[in-house]
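Following: one structure in structure tokens, then a few remarks.
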Amino acid sequence: MAAQFGMRLRKGAATTAVAAAAVAALSASQAPGVTADDHGRQTASEAQPSPDASAGDGAATGNSPYYTDLPPLNSPNPSPTPGATGTPVAQGAAEAGIPATVLDAYKKAEAELRESKPGCNLPWQLLAAIGKVESGQARGGRVNADGTTISPILGPQLDGNGFALIKDTDGGKYDGNSSYDQAVGPMQFIPSTWAWAGRDGNGDGVKDPNNVYDAALAAGHYLCRNGWDLSVPADVNHAILSYNNSQDYLNLVLSWLEYYRKGTHEIPDGSGSVPSGRSDDGQKANPKPSPTPPPKTTPPSTGSPSPSAPPSNTPGTPSTPGTPSPTPTPTDTVDHLADAGTAKLTAMAGDAFTKKISTKAVTKSGKAVAKVRVRFTVVGDTDTTFTGGESVATVVTNSSGVAVAPTLQAGEKTGNFTVRATVVGRVVTGLDYTATVTERVADSVVRTSDTALTCTPGGEFADQAEVKATYKGAVADKVAVTATLIKSVLDPTENDKGPYFKDADGKTVRTLTGLTTDAKGLLTLPKLYADDNTGNFILRITTAGGATLNIQLTVAAADSSASPSPSPSPSA
């Protein structure tokens, strides 16, 4: 959230009284999702910052400060959220409403995720809750017609001075700071996270963290990673904590989520108010690190690296200054990663890989280490991702020390790329896996009609040839096809007479390349023309993968009663 959002309102005695009443109400019941094991310890499903819930795979905000205002106490009246702390906002329509463009961005992101990740069940109200806490709904909806903020929304520089230490990762492209990263835009992404999580939400071909459509869609995909189902309370908690790893932050977002679920309304862009309280109010009074513990609003240490760490082959970042020393985790005993029987990784363009990467975390003596977070990152010049569109995924090792990466989904770019496995929180040499995407192929190609293709000398063939390609009986879409007029079945060299195609300039061509089948595996060839030569001719169709089809073309005079001179019969 920006460090310079404008002057904050003074809090009078009346507001203080309302705040006290709100906090008392919000503290009345048990925290959401908390369970205990047989020894009375809280389990991983609880709403507490933990290695599994934190954003070791690249936190959105880098744990930047956020607005702490609570939902209004008037109707719609959210049910108390346990443990929520913050400043109750004034009871007015502007504070409760969501600016029109911002609201539209949230709803469009929900609709897109409903199609691309139906199992996530993302509610737009969760995006609204995070947008309220992170930027006050883009500073009350101060955006232009295409959803871009009128002025930049920047968090403080993450220089380790009261915040996490994240040195510049974008050359100042997004935050204008070439020394340190700063959270950017209405959803407050740090540049290192935006580099892999960014999305184009408004279809302009640009991924801009300052655009509310782009930022909302990116936030939606970010919250939907790791297979989380946001209709499940425990997954909601994990997703929110991965955005900003703080119990206070979680409680605050849940409070706004509940509020927006009970009803809200649209207000004109630019008419919303900017919240008044921030989580770093105590830090700003004394910005330099102090040996004493920080204010309670500082996100607690989780015993894992700062969630601001971007996907890389050097996991782990300095912890926030002033926080307690992290508690040792199972990663302290990991010496290296070993392959756990990964098969050859290859897939045709557009297909899902049938094999998965399996990596084992082991000690120096070779003993397996369970409950270790392993980050898998797709690197190299490729558009292949994990299923769901992410290039980064974090998996916890099982009791055998093995972490299995999510399924890889091949893109259209062929060739080799690398998936790198690293241990989150430890400087352990990464383990690289080579994967290969091959071109789309067909093993069969046939005509879709048996209509004879005939023409008179110097004329135009009335019918166009259409073919269908398949691979192992299934439709072979986007397969490259070459069409060539050849001399004969036994001589596949290009014919210099007989039927021909025309290029864009109307010139004669007898070989066409760059053709591809459509989504149904079909290809309709361009029109064919005949020169003055008569007889039977051969059009050969060849697909990527080597499937071939010979099509007979006949050129005969209109008044000829005799059959044209024979040519070798075509064969497939």
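Here, A, B, ... name the chains of the structure tokens in the order displayed, residue numbers run from 1 inside each chain, and ligands are numbered from 1 in the same displayed order.
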
Once DSSP has gone over the backbone, tell me which residues of region 152-304 of chain A are in strand (DSSP E or B), as a short mmCIF file (atom, residue, chain, number, x, y, z; two decimals) with all heavy atoms, in the first residue's frame.
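Everything below was put into states.cif:
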data_model
loop_
_atom_site.label_atom_id
_atom_site.label_comp_id
_atom_site.auth_asym_id
_atom_site.auth_seq_id
_atom_site.Cartn_x
_atom_site.Cartn_y
_atom_site.Cartn_z
N LEU A 154 1.92 3.42 -4.55
CA LEU A 154 3.18 2.76 -4.19
C LEU A 154 3.27 2.54 -2.69
O LEU A 154 2.93 3.43 -1.90
CB LEU A 154 4.37 3.59 -4.66
CG LEU A 154 4.53 3.80 -6.17
CD1 LEU A 154 5.67 4.77 -6.44
CD2 LEU A 154 4.78 2.47 -6.87
N ASP A 159 13.36 -1.72 2.15
CA ASP A 159 14.81 -1.61 2.33
C ASP A 159 15.28 -2.23 3.63
O ASP A 159 16.43 -2.01 4.05
CB ASP A 159 15.22 -0.15 2.26
CG ASP A 159 14.49 0.71 3.30
OD1 ASP A 159 13.70 0.16 4.10
OD2 ASP A 159 14.70 1.94 3.30
N LEU A 165 13.45 -6.76 3.49
CA LEU A 165 14.50 -6.28 2.60
C LEU A 165 14.36 -6.98 1.26
O LEU A 165 14.59 -8.18 1.15
CB LEU A 165 15.88 -6.55 3.20
CG LEU A 165 17.07 -6.23 2.28
CD1 LEU A 165 17.10 -4.75 1.94
CD2 LEU A 165 18.37 -6.66 2.93
N LYS A 167 15.68 -6.14 -2.49
CA LYS A 167 16.39 -5.27 -3.41
C LYS A 167 15.70 -5.27 -4.77
O LYS A 167 14.96 -6.17 -5.11
CB LYS A 167 17.85 -5.70 -3.52
CG LYS A 167 18.62 -5.49 -2.21
CD LYS A 167 20.11 -5.77 -2.36
CE LYS A 167 20.85 -5.49 -1.06
NZ LYS A 167 22.30 -5.75 -1.18
N TYR A 180 15.40 -0.54 -4.43
CA TYR A 180 14.60 -1.50 -3.68
C TYR A 180 13.22 -1.64 -4.34
O TYR A 180 12.76 -0.74 -5.04
CB TYR A 180 14.41 -1.04 -2.23
CG TYR A 180 15.70 -0.88 -1.46
CD1 TYR A 180 16.31 0.37 -1.36
CD2 TYR A 180 16.31 -1.96 -0.84
CE1 TYR A 180 17.50 0.53 -0.67
CE2 TYR A 180 17.50 -1.82 -0.14
CZ TYR A 180 18.10 -0.57 -0.06
OH TYR A 180 19.27 -0.43 0.62
N VAL A 184 3.11 -2.20 -5.74
CA VAL A 184 2.62 -1.32 -6.79
C VAL A 184 1.14 -1.60 -7.08
O VAL A 184 0.71 -2.75 -7.12
CB VAL A 184 3.42 -1.53 -8.10
CG1 VAL A 184 2.91 -0.64 -9.20
CG2 VAL A 184 4.91 -1.28 -7.86
N PHE A 189 1.01 -5.45 -5.70
CA PHE A 189 1.97 -6.49 -6.05
C PHE A 189 3.39 -5.93 -6.01
O PHE A 189 3.63 -4.82 -6.49
CB PHE A 189 1.71 -7.01 -7.46
CG PHE A 189 0.61 -8.03 -7.54
CD1 PHE A 189 -0.69 -7.64 -7.87
CD2 PHE A 189 0.86 -9.36 -7.31
CE1 PHE A 189 -1.71 -8.58 -7.96
CE2 PHE A 189 -0.14 -10.31 -7.39
CZ PHE A 189 -1.43 -9.92 -7.71
N ASN A 211 -3.19 -1.17 -13.42
CA ASN A 211 -4.52 -1.26 -13.99
C ASN A 211 -5.36 -2.20 -13.14
O ASN A 211 -4.96 -3.33 -12.86
CB ASN A 211 -4.45 -1.78 -15.43
CG ASN A 211 -5.81 -1.86 -16.09
OD1 ASN A 211 -6.55 -2.82 -15.90
ND2 ASN A 211 -6.16 -0.84 -16.85
N GLU A 266 -22.68 0.07 -5.64
CA GLU A 266 -21.76 0.75 -6.54
C GLU A 266 -21.82 2.24 -6.31
O GLU A 266 -22.89 2.82 -6.11
CB GLU A 266 -22.13 0.41 -7.98
CG GLU A 266 -21.29 1.08 -9.04
CD GLU A 266 -21.79 0.75 -10.43
OE1 GLU A 266 -21.81 -0.45 -10.79
OE2 GLU A 266 -22.20 1.69 -11.16
N ILE A 267 -20.64 2.89 -6.34
CA ILE A 267 -20.58 4.34 -6.24
C ILE A 267 -19.76 4.86 -7.42
O ILE A 267 -19.01 4.10 -8.04
CB ILE A 267 -19.95 4.80 -4.90
CG1 ILE A 267 -18.52 4.26 -4.75
CG2 ILE A 267 -20.81 4.38 -3.73
CD1 ILE A 267 -17.79 4.76 -3.53
N ARG A 278 -3.32 2.73 9.25
CA ARG A 278 -2.40 1.84 8.54
C ARG A 278 -1.66 0.96 9.52
O ARG A 278 -1.41 1.33 10.66
CB ARG A 278 -1.39 2.66 7.74
CG ARG A 278 -1.93 3.16 6.44
CD ARG A 278 -0.92 3.91 5.60
NE ARG A 278 0.46 3.60 5.87
CZ ARG A 278 1.38 3.51 4.91
NH1 ARG A 278 1.03 3.65 3.65
NH2 ARG A 278 2.63 3.29 5.21
#

Closest contacts (region 197-244 of chain A/region 101-119 of chain A, max 8 Å, only C-alpha atoms) as JSON lines:
{"residue": "A:Gly201", "atom": "CA", "partner": "A:Ala109", "partner_atom": "CA", "distance": 7.4}
{"residue": "A:Val212", "atom": "CA", "partner": "A:Ala105", "partner_atom": "CA", "distance": 6.3}
{"residue": "A:Tyr213", "atom": "CA", "partner": "A:Ala105", "partner_atom": "CA", "distance": 4.7}
{"residue": "A:Ala216", "atom": "CA", "partner": "A:Tyr106", "partner_atom": "CA", "distance": 5.9}
{"residue": "A:Leu217", "atom": "CA", "partner": "A:Ala109", "partner_atom": "CA", "distance": 4.7}
{"residue": "A:Gly220", "atom": "CA", "partner": "A:Ala109", "partner_atom": "CA", "distance": 6.5}
{"residue": "A:His221", "atom": "CA", "partner": "A:Leu113", "partner_atom": "CA", "distance": 7.3}
{"residue": "A:Cys224", "atom": "CA", "partner": "A:Lys117", "partner_atom": "CA", "distance": 7.6}
{"residue": "A:Gly227", "atom": "CA", "partner": "A:Gly119", "partner_atom": "CA", "distance": 7.9}
{"residue": "A:Asp229", "atom": "CA", "partner": "A:Gly119", "partner_atom": "CA", "distance": 6.1}

Checklist entry - Which one of A:Val467, A:Ala442, A:Ile130, A:Val334 sits closest to Ser365 (chain A) if you count only C-alpha atoms? => result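 Closest to Ser365 (chain A), using only C-alpha atoms: A:Val334.
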
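Residue nearest Cys455 (chain A), chosen from A:Ala469, A:Asn536, A:Asp432, A:Glu412 and counting only C-alpha atoms: A:Asn536.
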
Checklist entry - Taking only C-alpha atoms into account, which of A:Arg426, A:Lys207, A:Arg139, A:Lys413 comes nearest Arg440 (chain A)? => result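 Closest to Arg440 (chain A), using only C-alpha atoms: A:Lys413.
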
Item to check | Neighbour list for Ser279 (chain A) as a ChimeraX atom specification, cut-off 7 Å, only C-alpha atoms, skip fewer than 6 positions in-chain | outcome: /A:65-68,297

Next on the checklist: Quick one: residues within 6 Å of Ala368 (chain A), only C-alpha atoms, excluding same-chain residues fewer than 2 positions away - as a PyMOL selection string?
Outcome noted: chain A and resi 361-362+400-401

Next on the checklist: Calculated over only C-alpha atoms, which of the candidates A:Asn202, A:Thr169, A:Thr359, A:Lys497 has the smallest distance to Gly147 (chain A)?
Outcome noted: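 Looking only at the distances to Gly147 (chain A), the closest residue turns out to be A:Asn202.
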
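Proximity to Val402 (chain A) was assessed for A:Ile486, A:Ala338, A:Ala530, A:Val419 counting only C-alpha atoms; the smallest distance is recorded for A:Ala338.
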
Checklist entry - What gap, in Å, lies between CA of Thr482 (chain A) and CA of Thr346 (chain A)? => result 25.0 Å

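Interatomic distance, CA of Thr434 (chain A) to CA of Thr418 (chain A): 4.7 Å.
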
Next on the checklist: List the spatial neighbours of Asn177 (chain A) as a list in words - criterion: any atom at most 9 Å away, only C-alpha atoms, same-chain residues fewer than 6 positions off excluded.
Outcome noted: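 The residues satisfying every condition are Gln157, Asp168, Asp170 and Gly171 of chain A.
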
Next on the checklist: Measuring between only C-alpha atoms, which one of A:Val437, A:Ala476, A:Ala558, A:Leu485 shows the shortest distance to Phe417 (chain A)?
Outcome noted: A:Val437

Item to check | Non-local contacts of Pro457 (chain A) (7 Å; only C-alpha atoms; under 6 positions in same chain excluded) as a list in words | outcome: Ala530, Asp531, Asp532, Asn533, Thr534, Val555, Ala556 and Ala557 of chain A
